[in-house]
Number of protein chains: 2
Amino acid sequence: MSAFAEALARAWEQNDSLLCVGLDPEIERFPPGIAAAPSPIFQFNKAIIDATRDLVCAYKPQFAHYAACEAEDQLERTIEYVHSTCPGILVILDGKRGDVGNTAERYAVEAFERYGADAVTVNPYLGGDSLEPFLKRADKGVVILCRTSNPGARDLQDLEVGTRRLYHVVAELAATRWNGHGNCALVVGATYPRELAEVRRIVGGMPLLLPGVGAQGADVAQAVENGQTSDGTGLIVSSSRGILYGAARAAGTDFAAAARAAAEALRAQINSSRRGRRSS
Amino acid sequence: MSAFAEALARAWEQNDSLLCVGLDPEIERFPPGIAAAPSPIFQFNKAIIDATRDLVCAYKPQFAHYAACEAEDQLERTIEYVHSTCPGILVILDGKRGDVGNTAERYAVEAFERYGADAVTVNPYLGGDSLEPFLKRADKGVVILCRTSNPGARDLQDLEVGTRRLYHVVAELAATRWNGHGNCALVVGATYPRELAEVRRIVGGMPLLLPGVGAQGADVAQAVENGQTSDGTGLIVSSSRGILYGAARAAGTDFAAAARAAAEALRAQINSSRRGRRSS
């Protein structure tokens, strides 16, 4: 078991939670008081983190939401804040990186040294050598896109490759050639429960990151049932907009309490479908 | 013809050149005088741009080389500098972005608004809806990964999908469904001339960005012969390390003159293989 896999197993246990809160700041949806403050993205994230840190296993900041508004410094501060105030909780930097070897090395430096992320999402289209700079860091998680949650996922990922689909091939590569350090995980959209069950069969106990819960409308119970491992773990169930903004506009300045309520409800919903336990 | 395609056609003509210089700064390879200066990346790029602007059709800054050392500001300055001092020359931001719709919108803002790039490289693994926020900008180029220059490209891109390979499918999608605004281009590694000829047959006149020249060792003449269109254009032949650093270490502070010499030689080599002309 890699240091990353061990850290993830501890994080699941720490808050009895498979929930990951996606930190996708959209300033136009912030409460007015925060939107007008200095470093509004960091302040918003800090309030969300303060309100949810005992309910999650991980936070997942999505890179584009920072890059589009020149807020790399606030991304750095956000990740530092998680590390300093939420010991044991992981940060997955969602950048979906993918480039040839010498450039991928730079992306690994960006994710793991500059930002200090515990894991990063990557795109498999360029093949194994493009992933190697990430994979060789056994202390870090490498979360490879497999079957994504968007409708267009069908265009390439569902193509038939012999008797399989392309995403099956990616899952097989991840479970075999790419997992020499035991630090691979896969992205599988919660919006496609059948595909999720197929990937689980291929990869054994490998962690799966499930976007698509909340705003994208996945059936949480079915996703957890189809995706979990035999011991009722194996999943990082990610929700961003459903937690950050679902109730925020209605609740005015009490957006953090609304986010906490949404996170509590989703954690309970996830836990009620996990093997070996009753509704929590 | 899209505004982007027209701008690219003019850029090819302006300097009689299909050459693109990749701006992949590696501070450890900079001449000592520049490495120790303030904003060393911008100063290095500025010197390279000043030395080569009459020899190229485009510059291609690679994002990771800036992100790894917190140099987004120097990336912004570099692109501004090209636009202000090299009218008609295009900037292709090489970020290989790829994410679901609402996030891809943010990446499009990053590339086209924040950085002011004329084109951006993107990854097709997530499918058409992930590309749409880029594709809908008819004034901007969308350079889609097809058959990359690295050895690992085989892992996924060469998989057999019926009677075709996966990269053939990407080329077909780019030439049909994704090119409604006429602003698609494809990345095809110059290191694989046979695959390059196949892609050219599939996509007609679509521009192809060819990495792999120089440090990666592609045969330039064969790549140009196999990739060009019937009028001897259609290619953006990109070299980074071969121009930036090939002679720089030997030449000491005269790295810019060495880069110019390398760019001149490569442009001439490319032009000597173009249809309808002799060696220039």
# chains A, B, ... in the order shown; residues from 1 in each chain; ligands from 1

call {"tool": "interface_residues", "arguments": {"of": "chain B", "to": "chain A", "cutoff": "6 Å", "atoms": "only C-alpha atoms", "output": "JSON, numbers by chain"}}
result
{"B": [64, 68, 106, 107, 109, 110, 126, 127, 128, 129, 152, 153, 155, 160, 161]}

call {"tool": "select_by_dssp", "arguments": {"residues": "range 44-164 of chain A", "states": "strand (DSSP E or B)", "output": "list in words"}}
result
Ala58, Tyr59, Lys60, Pro61, Gln62, Leu90, Val91, Ile92, Leu93, Asp94, Gly95, Lys96, Arg97, Ala119, Val120, Thr121, Val122, Gly141, Val142, Val143, Ile144, Leu145, Cys146, Arg147, Glu160, Val161 and Arg164 of chain A

call {"tool": "select_by_dssp", "arguments": {"residues": "range 5-227 of chain B", "states": "helix (DSSP H, G or I)", "output": "JSON list (two decimals) with N, CA and C atoms, in the first residue's frame"}}
result
[["chain", "number", "residue", "atom", "x", "y", "z"],
["B", 5, "ALA", "N", -8.16, 30.95, -39.12],
["B", 5, "ALA", "CA", -7.51, 30.34, -40.28],
["B", 5, "ALA", "C", -6.92, 31.41, -41.20],
["B", 6, "GLU", "N", -7.64, 32.51, -41.34],
["B", 6, "GLU", "CA", -7.12, 33.60, -42.17],
["B", 6, "GLU", "C", -5.86, 34.20, -41.55],
["B", 7, "ALA", "N", -5.90, 34.40, -40.24],
["B", 7, "ALA", "CA", -4.73, 34.97, -39.56],
["B", 7, "ALA", "C", -3.52, 34.04, -39.69],
["B", 8, "LEU", "N", -3.77, 32.74, -39.62],
["B", 8, "LEU", "CA", -2.66, 31.78, -39.74],
["B", 8, "LEU", "C", -2.10, 31.80, -41.17],
["B", 9, "ALA", "N", -2.99, 31.87, -42.15],
["B", 9, "ALA", "CA", -2.52, 31.91, -43.54],
["B", 9, "ALA", "C", -1.66, 33.16, -43.78],
["B", 10, "ARG", "N", -2.08, 34.28, -43.21],
["B", 10, "ARG", "CA", -1.27, 35.51, -43.34],
["B", 10, "ARG", "C", 0.07, 35.38, -42.62],
["B", 11, "ALA", "N", 0.03, 34.71, -41.45],
["B", 11, "ALA", "CA", 1.27, 34.55, -40.67],
["B", 11, "ALA", "C", 2.28, 33.69, -41.44],
["B", 12, "TRP", "N", 1.79, 32.63, -42.10],
["B", 12, "TRP", "CA", 2.69, 31.79, -42.91],
["B", 12, "TRP", "C", 3.38, 32.62, -44.00],
["B", 13, "GLU", "N", 2.60, 33.53, -44.58],
["B", 13, "GLU", "CA", 3.09, 34.33, -45.70],
["B", 13, "GLU", "C", 4.05, 35.44, -45.23],
["B", 14, "GLN", "N", 3.70, 36.01, -44.10],
["B", 14, "GLN", "CA", 4.42, 37.20, -43.62],
["B", 14, "GLN", "C", 5.94, 37.01, -43.61],
["B", 27, "ILE", "N", 15.05, 27.71, -16.50],
["B", 27, "ILE", "CA", 15.98, 28.70, -15.94],
["B", 27, "ILE", "C", 17.38, 28.11, -15.76],
["B", 28, "GLU", "N", 17.44, 26.81, -15.44],
["B", 28, "GLU", "CA", 18.74, 26.20, -15.21],
["B", 28, "GLU", "C", 19.58, 26.13, -16.49],
["B", 29, "ARG", "N", 18.94, 26.37, -17.64],
["B", 29, "ARG", "CA", 19.70, 26.37, -18.89],
["B", 29, "ARG", "C", 19.92, 27.78, -19.43],
["B", 32, "PRO", "N", 24.04, 32.72, -17.54],
["B", 32, "PRO", "CA", 24.09, 33.20, -16.15],
["B", 32, "PRO", "C", 23.60, 34.65, -16.00],
["B", 33, "GLY", "N", 23.92, 35.50, -16.93],
["B", 33, "GLY", "CA", 23.52, 36.91, -16.80],
["B", 33, "GLY", "C", 22.02, 37.08, -16.74],
["B", 34, "ILE", "N", 21.31, 36.29, -17.54],
["B", 34, "ILE", "CA", 19.84, 36.39, -17.56],
["B", 34, "ILE", "C", 19.24, 35.65, -16.37],
["B", 35, "ALA", "N", 19.81, 34.51, -16.03],
["B", 35, "ALA", "CA", 19.25, 33.73, -14.92],
["B", 35, "ALA", "C", 19.24, 34.53, -13.63],
["B", 40, "PRO", "N", 13.62, 36.80, -15.07],
["B", 40, "PRO", "CA", 14.53, 36.17, -16.03],
["B", 40, "PRO", "C", 13.82, 35.49, -17.18],
["B", 41, "ILE", "N", 12.64, 34.90, -16.91],
["B", 41, "ILE", "CA", 11.93, 34.19, -17.97],
["B", 41, "ILE", "C", 11.48, 35.18, -19.04],
["B", 42, "PHE", "N", 10.92, 36.28, -18.62],
["B", 42, "PHE", "CA", 10.50, 37.27, -19.61],
["B", 42, "PHE", "C", 11.70, 37.81, -20.38],
["B", 43, "GLN", "N", 12.79, 38.08, -19.67],
["B", 43, "GLN", "CA", 13.98, 38.62, -20.36],
["B", 43, "GLN", "C", 14.54, 37.62, -21.37],
["B", 44, "PHE", "N", 14.54, 36.36, -21.00],
["B", 44, "PHE", "CA", 15.01, 35.32, -21.92],
["B", 44, "PHE", "C", 14.09, 35.26, -23.15],
["B", 45, "ASN", "N", 12.78, 35.18, -22.89],
["B", 45, "ASN", "CA", 11.83, 35.11, -24.00],
["B", 45, "ASN", "C", 11.95, 36.34, -24.91],
["B", 46, "LYS", "N", 12.07, 37.51, -24.30],
["B", 46, "LYS", "CA", 12.17, 38.76, -25.06],
["B", 46, "LYS", "C", 13.37, 38.70, -26.00],
["B", 47, "ALA", "N", 14.49, 38.22, -25.49],
["B", 47, "ALA", "CA", 15.69, 38.13, -26.33],
["B", 47, "ALA", "C", 15.48, 37.14, -27.48],
["B", 48, "ILE", "N", 14.82, 36.02, -27.19],
["B", 48, "ILE", "CA", 14.55, 35.03, -28.24],
["B", 48, "ILE", "C", 13.58, 35.62, -29.28],
["B", 49, "ILE", "N", 12.55, 36.30, -28.81],
["B", 49, "ILE", "CA", 11.57, 36.90, -29.73],
["B", 49, "ILE", "C", 12.24, 37.97, -30.59],
["B", 50, "ASP", "N", 13.04, 38.82, -29.97],
["B", 50, "ASP", "CA", 13.73, 39.87, -30.73],
["B", 50, "ASP", "C", 14.63, 39.27, -31.81],
["B", 51, "ALA", "N", 15.18, 38.11, -31.52],
["B", 51, "ALA", "CA", 16.14, 37.50, -32.44],
["B", 51, "ALA", "C", 15.48, 36.69, -33.55],
["B", 52, "THR", "N", 14.19, 36.39, -33.40],
["B", 52, "THR", "CA", 13.57, 35.43, -34.34],
["B", 52, "THR", "C", 12.27, 35.92, -34.97],
["B", 64, "ALA", "N", 3.25, 24.70, -18.49],
["B", 64, "ALA", "CA", 3.85, 24.09, -17.29],
["B", 64, "ALA", "C", 5.18, 24.74, -16.92],
["B", 65, "HIS", "N", 5.91, 25.20, -17.92],
["B", 65, "HIS", "CA", 7.21, 25.79, -17.65],
["B", 65, "HIS", "C", 7.09, 27.11, -16.91],
["B", 66, "TYR", "N", 5.93, 27.73, -16.97],
["B", 66, "TYR", "CA", 5.68, 28.97, -16.22],
["B", 66, "TYR", "C", 5.04, 28.63, -14.87],
["B", 67, "ALA", "N", 4.07, 27.72, -14.90],
["B", 67, "ALA", "CA", 3.32, 27.39, -13.69],
["B", 67, "ALA", "C", 4.22, 26.76, -12.63],
["B", 72, "GLU", "N", 3.35, 33.07, -13.88],
["B", 72, "GLU", "CA", 2.22, 33.44, -14.74],
["B", 72, "GLU", "C", 2.34, 34.88, -15.23],
["B", 73, "ASP", "N", 2.86, 35.76, -14.37],
["B", 73, "ASP", "CA", 3.00, 37.16, -14.79],
["B", 73, "ASP", "C", 3.98, 37.29, -15.95],
["B", 74, "GLN", "N", 5.02, 36.48, -15.94],
["B", 74, "GLN", "CA", 6.00, 36.54, -17.03],
["B", 74, "GLN", "C", 5.44, 35.91, -18.31],
["B", 75, "LEU", "N", 4.54, 34.94, -18.15],
["B", 75, "LEU", "CA", 3.83, 34.41, -19.32],
["B", 75, "LEU", "C", 2.93, 35.49, -19.92],
["B", 76, "GLU", "N", 2.21, 36.20, -19.07],
["B", 76, "GLU", "CA", 1.36, 37.31, -19.56],
["B", 76, "GLU", "C", 2.22, 38.34, -20.31],
["B", 77, "ARG", "N", 3.35, 38.72, -19.70],
["B", 77, "ARG", "CA", 4.20, 39.73, -20.33],
["B", 77, "ARG", "C", 4.76, 39.25, -21.65],
["B", 78, "THR", "N", 5.11, 37.96, -21.70],
["B", 78, "THR", "CA", 5.67, 37.40, -22.94],
["B", 78, "THR", "C", 4.65, 37.50, -24.07],
["B", 79, "ILE", "N", 3.42, 37.10, -23.78],
["B", 79, "ILE", "CA", 2.39, 37.12, -24.84],
["B", 79, "ILE", "C", 2.08, 38.55, -25.26],
["B", 80, "GLU", "N", 1.99, 39.45, -24.28],
["B", 80, "GLU", "CA", 1.82, 40.87, -24.61],
["B", 80, "GLU", "C", 2.95, 41.37, -25.50],
["B", 81, "TYR", "N", 4.15, 40.92, -25.19],
["B", 81, "TYR", "CA", 5.32, 41.40, -25.94],
["B", 81, "TYR", "C", 5.26, 40.93, -27.40],
["B", 82, "VAL", "N", 4.84, 39.67, -27.60],
["B", 82, "VAL", "CA", 4.69, 39.19, -28.99],
["B", 82, "VAL", "C", 3.65, 40.04, -29.70],
["B", 83, "HIS", "N", 2.51, 40.25, -29.06],
["B", 83, "HIS", "CA", 1.44, 40.99, -29.74],
["B", 83, "HIS", "C", 1.87, 42.42, -30.06],
["B", 84, "SER", "N", 2.63, 43.04, -29.15],
["B", 84, "SER", "CA", 2.96, 44.46, -29.38],
["B", 84, "SER", "C", 4.14, 44.64, -30.32],
["B", 85, "THR", "N", 5.02, 43.64, -30.41],
["B", 85, "THR", "CA", 6.22, 43.84, -31.24],
["B", 85, "THR", "C", 6.25, 42.97, -32.49],
["B", 101, "GLY", "N", -17.84, 20.89, -19.36],
["B", 101, "GLY", "CA", -18.31, 22.15, -19.93],
["B", 101, "GLY", "C", -18.11, 23.41, -19.11],
["B", 102, "ASN", "N", -18.69, 23.47, -17.90],
["B", 102, "ASN", "CA", -18.63, 24.73, -17.16],
["B", 102, "ASN", "C", -17.20, 25.07, -16.75],
["B", 103, "THR", "N", -16.38, 24.05, -16.57],
["B", 103, "THR", "CA", -14.98, 24.29, -16.23],
["B", 103, "THR", "C", -14.17, 24.65, -17.47],
["B", 104, "ALA", "N", -14.49, 24.00, -18.59],
["B", 104, "ALA", "CA", -13.81, 24.35, -19.84],
["B", 104, "ALA", "C", -14.04, 25.81, -20.20],
["B", 105, "GLU", "N", -15.23, 26.33, -19.84],
["B", 105, "GLU", "CA", -15.49, 27.77, -20.06],
["B", 105, "GLU", "C", -14.43, 28.61, -19.35],
["B", 106, "ARG", "N", -14.07, 28.20, -18.15],
["B", 106, "ARG", "CA", -13.06, 28.97, -17.39],
["B", 106, "ARG", "C", -11.68, 28.86, -18.05],
["B", 107, "TYR", "N", -11.39, 27.68, -18.57],
["B", 107, "TYR", "CA", -10.10, 27.53, -19.25],
["B", 107, "TYR", "C", -10.05, 28.40, -20.52],
["B", 108, "ALA", "N", -11.20, 28.53, -21.18],
["B", 108, "ALA", "CA", -11.24, 29.39, -22.37],
["B", 108, "ALA", "C", -11.02, 30.85, -21.97],
["B", 109, "VAL", "N", -11.61, 31.25, -20.85],
["B", 109, "VAL", "CA", -11.37, 32.61, -20.34],
["B", 109, "VAL", "C", -9.89, 32.79, -20.03],
["B", 110, "GLU", "N", -9.31, 31.79, -19.36],
["B", 110, "GLU", "CA", -7.88, 31.87, -19.04],
["B", 110, "GLU", "C", -7.04, 32.09, -20.30],
["B", 111, "ALA", "N", -7.26, 31.25, -21.29],
["B", 111, "ALA", "CA", -6.40, 31.28, -22.49],
["B", 111, "ALA", "C", -6.61, 32.54, -23.31],
["B", 112, "PHE", "N", -7.88, 32.89, -23.53],
["B", 112, "PHE", "CA", -8.17, 33.93, -24.52],
["B", 112, "PHE", "C", -8.33, 35.32, -23.91],
["B", 113, "GLU", "N", -8.84, 35.40, -22.67],
["B", 113, "GLU", "CA", -9.01, 36.72, -22.05],
["B", 113, "GLU", "C", -7.79, 37.07, -21.21],
["B", 114, "ARG", "N", -7.50, 36.20, -20.24],
["B", 114, "ARG", "CA", -6.38, 36.52, -19.36],
["B", 114, "ARG", "C", -5.07, 36.63, -20.13],
["B", 124, "PRO", "N", -8.61, 15.88, -26.32],
["B", 124, "PRO", "CA", -9.96, 15.45, -26.74],
["B", 124, "PRO", "C", -10.60, 14.35, -25.90],
["B", 125, "TYR", "N", -9.91, 13.84, -24.87],
["B", 125, "TYR", "CA", -10.39, 12.64, -24.18],
["B", 125, "TYR", "C", -11.79, 12.82, -23.60],
["B", 126, "LEU", "N", -12.15, 14.04, -23.20],
["B", 126, "LEU", "CA", -13.47, 14.26, -22.60],
["B", 126, "LEU", "C", -14.58, 14.47, -23.63],
["B", 128, "GLY", "N", -16.62, 16.08, -27.28],
["B", 128, "GLY", "CA", -16.99, 17.32, -27.94],
["B", 128, "GLY", "C", -17.47, 18.42, -27.02],
["B", 129, "ASP", "N", -18.29, 18.08, -26.02],
["B", 129, "ASP", "CA", -18.81, 19.16, -25.16],
["B", 129, "ASP", "C", -17.72, 19.83, -24.35],
["B", 130, "SER", "N", -16.62, 19.11, -24.11],
["B", 130, "SER", "CA", -15.51, 19.72, -23.37],
["B", 130, "SER", "C", -14.72, 20.68, -24.25],
["B", 131, "LEU", "N", -14.86, 20.55, -25.56],
["B", 131, "LEU", "CA", -14.14, 21.43, -26.50],
["B", 131, "LEU", "C", -14.97, 22.63, -26.91],
["B", 132, "GLU", "N", -16.29, 22.52, -26.74],
["B", 132, "GLU", "CA", -17.20, 23.54, -27.27],
["B", 132, "GLU", "C", -16.90, 24.97, -26.78],
["B", 133, "PRO", "N", -16.56, 25.17, -25.49],
["B", 133, "PRO", "CA", -16.26, 26.54, -25.06],
["B", 133, "PRO", "C", -15.07, 27.15, -25.81],
["B", 134, "PHE", "N", -14.18, 26.32, -26.32],
["B", 134, "PHE", "CA", -13.07, 26.83, -27.14],
["B", 134, "PHE", "C", -13.53, 26.97, -28.59],
["B", 135, "LEU", "N", -14.20, 25.95, -29.09],
["B", 135, "LEU", "CA", -14.57, 25.92, -30.51],
["B", 135, "LEU", "C", -15.47, 27.08, -30.90],
["B", 153, "ALA", "N", 2.46, 7.65, -26.76],
["B", 153, "ALA", "CA", 1.29, 7.94, -27.61],
["B", 153, "ALA", "C", 0.62, 6.65, -28.07],
["B", 154, "ARG", "N", 1.42, 5.59, -28.20],
["B", 154, "ARG", "CA", 0.86, 4.32, -28.66],
["B", 154, "ARG", "C", -0.18, 3.74, -27.70],
["B", 155, "ASP", "N", -0.01, 4.00, -26.41],
["B", 155, "ASP", "CA", -0.84, 3.32, -25.40],
["B", 155, "ASP", "C", -2.33, 3.46, -25.69],
["B", 156, "LEU", "N", -2.77, 4.67, -25.98],
["B", 156, "LEU", "CA", -4.20, 4.88, -26.27],
["B", 156, "LEU", "C", -4.43, 5.27, -27.73],
["B", 157, "GLN", "N", -3.64, 6.20, -28.22],
["B", 157, "GLN", "CA", -3.93, 6.82, -29.52],
["B", 157, "GLN", "C", -3.88, 5.82, -30.67],
["B", 166, "LEU", "N", -7.47, 5.00, -32.83],
["B", 166, "LEU", "CA", -8.14, 6.05, -32.07],
["B", 166, "LEU", "C", -7.81, 7.44, -32.61],
["B", 167, "TYR", "N", -6.54, 7.66, -33.00],
["B", 167, "TYR", "CA", -6.19, 9.01, -33.48],
["B", 167, "TYR", "C", -6.85, 9.32, -34.81],
["B", 168, "HIS", "N", -7.15, 8.27, -35.60],
["B", 168, "HIS", "CA", -7.93, 8.51, -36.83],
["B", 168, "HIS", "C", -9.32, 9.03, -36.48],
["B", 169, "VAL", "N", -9.92, 8.43, -35.45],
["B", 169, "VAL", "CA", -11.26, 8.87, -35.03],
["B", 169, "VAL", "C", -11.22, 10.33, -34.58],
["B", 170, "VAL", "N", -10.19, 10.68, -33.82],
["B", 170, "VAL", "CA", -10.06, 12.08, -33.38],
["B", 170, "VAL", "C", -9.93, 13.00, -34.59],
["B", 171, "ALA", "N", -9.12, 12.60, -35.56],
["B", 171, "ALA", "CA", -8.96, 13.42, -36.77],
["B", 171, "ALA", "C", -10.29, 13.57, -37.50],
["B", 172, "GLU", "N", -11.05, 12.49, -37.58],
["B", 172, "GLU", "CA", -12.35, 12.56, -38.27],
["B", 172, "GLU", "C", -13.33, 13.46, -37.52],
["B", 173, "LEU", "N", -13.37, 13.31, -36.21],
["B", 173, "LEU", "CA", -14.26, 14.18, -35.42],
["B", 173, "LEU", "C", -13.87, 15.64, -35.59],
["B", 174, "ALA", "N", -12.57, 15.90, -35.58],
["B", 174, "ALA", "CA", -12.10, 17.29, -35.74],
["B", 174, "ALA", "C", -12.48, 17.83, -37.12],
["B", 175, "ALA", "N", -12.40, 16.99, -38.12],
["B", 175, "ALA", "CA", -12.67, 17.44, -39.49],
["B", 175, "ALA", "C", -14.16, 17.58, -39.77],
["B", 193, "PRO", "N", 6.05, 10.21, -39.10],
["B", 193, "PRO", "CA", 5.66, 10.72, -40.43],
["B", 193, "PRO", "C", 4.56, 9.90, -41.12],
["B", 194, "ARG", "N", 4.51, 8.61, -40.89],
["B", 194, "ARG", "CA", 3.47, 7.81, -41.52],
["B", 194, "ARG", "C", 2.09, 8.22, -40.99],
["B", 195, "GLU", "N", 2.01, 8.36, -39.67],
["B", 195, "GLU", "CA", 0.76, 8.77, -39.05],
["B", 195, "GLU", "C", 0.37, 10.18, -39.51],
["B", 196, "LEU", "N", 1.37, 11.01, -39.70],
["B", 196, "LEU", "CA", 1.14, 12.37, -40.18],
["B", 196, "LEU", "C", 0.48, 12.36, -41.56],
["B", 197, "ALA", "N", 0.98, 11.51, -42.45],
["B", 197, "ALA", "CA", 0.39, 11.41, -43.78],
["B", 197, "ALA", "C", -1.06, 10.93, -43.69],
["B", 198, "GLU", "N", -1.32, 9.99, -42.79],
["B", 198, "GLU", "CA", -2.69, 9.48, -42.64],
["B", 198, "GLU", "C", -3.63, 10.58, -42.15],
["B", 199, "VAL", "N", -3.16, 11.34, -41.17],
["B", 199, "VAL", "CA", -4.00, 12.42, -40.65],
["B", 199, "VAL", "C", -4.26, 13.46, -41.75],
["B", 200, "ARG", "N", -3.23, 13.78, -42.51],
["B", 200, "ARG", "CA", -3.43, 14.76, -43.60],
["B", 200, "ARG", "C", -4.51, 14.27, -44.57],
["B", 201, "ARG", "N", -4.51, 12.98, -44.88],
["B", 201, "ARG", "CA", -5.54, 12.44, -45.79],
["B", 201, "ARG", "C", -6.93, 12.61, -45.19],
["B", 202, "ILE", "N", -7.04, 12.45, -43.87],
["B", 202, "ILE", "CA", -8.36, 12.52, -43.24],
["B", 202, "ILE", "C", -8.89, 13.95, -43.15],
["B", 203, "VAL", "N", -8.01, 14.91, -42.85],
["B", 203, "VAL", "CA", -8.50, 16.24, -42.48],
["B", 203, "VAL", "C", -8.45, 17.28, -43.59],
["B", 220, "VAL", "N", 12.90, 16.29, -40.44],
["B", 220, "VAL", "CA", 12.12, 17.46, -40.84],
["B", 220, "VAL", "C", 11.59, 17.32, -42.26],
["B", 221, "ALA", "N", 12.47, 16.91, -43.18],
["B", 221, "ALA", "CA", 12.06, 16.84, -44.59],
["B", 221, "ALA", "C", 10.88, 15.87, -44.75],
["B", 222, "GLN", "N", 10.98, 14.73, -44.11],
["B", 222, "GLN", "CA", 9.91, 13.75, -44.26],
["B", 222, "GLN", "C", 8.61, 14.23, -43.62],
["B", 223, "ALA", "N", 8.74, 14.89, -42.47],
["B", 223, "ALA", "CA", 7.55, 15.41, -41.80],
["B", 223, "ALA", "C", 6.86, 16.46, -42.68],
["B", 224, "VAL", "N", 7.63, 17.36, -43.25],
["B", 224, "VAL", "CA", 7.03, 18.40, -44.10],
["B", 224, "VAL", "C", 6.42, 17.76, -45.36],
["B", 225, "GLU", "N", 7.16, 16.85, -45.96],
["B", 225, "GLU", "CA", 6.62, 16.20, -47.17],
["B", 225, "GLU", "C", 5.29, 15.50, -46.88],
["B", 226, "ASN", "N", 5.22, 14.80, -45.76],
["B", 226, "ASN", "CA", 4.02, 14.03, -45.45],
["B", 226, "ASN", "C", 2.88, 14.88, -44.91],
["B", 227, "GLY", "N", 3.21, 16.01, -44.31],
["B", 227, "GLY", "CA", 2.18, 16.77, -43.61],
["B", 227, "GLY", "C", 1.61, 17.96, -44.36]]

call {"tool": "closest_residue", "arguments": {"among": "A:Ala138, A:Ala185, A:Leu209, A:Ala268", "to": "Asn15 in chain A", "atoms": "only C-alpha atoms"}}
result
A:Ala268

call {"tool": "closest_residue", "arguments": {"among": "B:Thr191, B:Ser272, B:Asn183, B:Ser238", "to": "Ala119 in chain B", "atoms": "only C-alpha atoms"}}
result
B:Asn183

call {"tool": "atom_distance", "arguments": {"atom1": "CA of Ile92 in chain B", "atom2": "CA of Pro25 in chain A"}}
result
26.9 Å

call {"tool": "residues_around", "arguments": {"residues": "Cys20 in chain B", "least_positions_apart": "5", "cutoff": "10 Å", "atoms": "only C-alpha atoms", "output": "VMD selection string"}}
result
chain B and resid 52 55 to 60 89 to 92 209 to 211 235 to 240 263 267

call {"tool": "write_last_selection", "arguments": {"atoms": "C-alpha atoms", "output": "compact mmCIF listing (two decimals), in the first residue's frame"}}
result
# COMPACT_ATOMS: atom_id res chain seq x y z
CA THR B 52 13.57 35.43 -34.34
CA LEU B 55 11.61 34.01 -39.09
CA VAL B 56 8.47 32.52 -37.57
CA CYS B 57 4.71 32.24 -38.03
CA ALA B 58 3.99 31.66 -34.34
CA TYR B 59 5.32 31.35 -30.81
CA LYS B 60 4.15 28.59 -28.52
CA ILE B 89 2.57 36.54 -35.57
CA LEU B 90 0.35 34.18 -33.58
CA VAL B 91 0.63 32.95 -30.02
CA ILE B 92 -0.42 29.36 -29.31
CA LEU B 209 0.88 21.58 -35.35
CA LEU B 210 4.01 19.42 -35.47
CA PRO B 211 6.05 19.10 -32.28
CA LEU B 235 1.84 23.13 -41.02
CA ILE B 236 3.04 24.81 -37.86
CA VAL B 237 6.40 23.16 -37.26
CA SER B 238 7.35 23.66 -33.65
CA SER B 239 10.80 23.46 -32.09
CA SER B 240 11.57 24.50 -28.53
CA ALA B 263 15.74 29.19 -36.38
CA ARG B 267 13.12 27.52 -41.53

call {"tool": "decode", "arguments": {"residues": "range 48-61 of chain B", "atoms": "C-alpha atoms", "output": "CSV table (one decimal), in the first residue's frame"}}
result
chain,number,residue,atom,x,y,z
B,48,ILE,CA,14.5,35.0,-28.2
B,49,ILE,CA,11.6,36.9,-29.7
B,50,ASP,CA,13.7,39.9,-30.7
B,51,ALA,CA,16.1,37.5,-32.4
B,52,THR,CA,13.6,35.4,-34.3
B,53,ARG,CA,10.4,37.5,-35.0
B,54,ASP,CA,11.1,37.8,-38.8
B,55,LEU,CA,11.6,34.0,-39.1
B,56,VAL,CA,8.5,32.5,-37.6
B,57,CYS,CA,4.7,32.2,-38.0
B,58,ALA,CA,4.0,31.7,-34.3
B,59,TYR,CA,5.3,31.4,-30.8
B,60,LYS,CA,4.2,28.6,-28.5
B,61,PRO,CA,4.7,29.1,-24.8
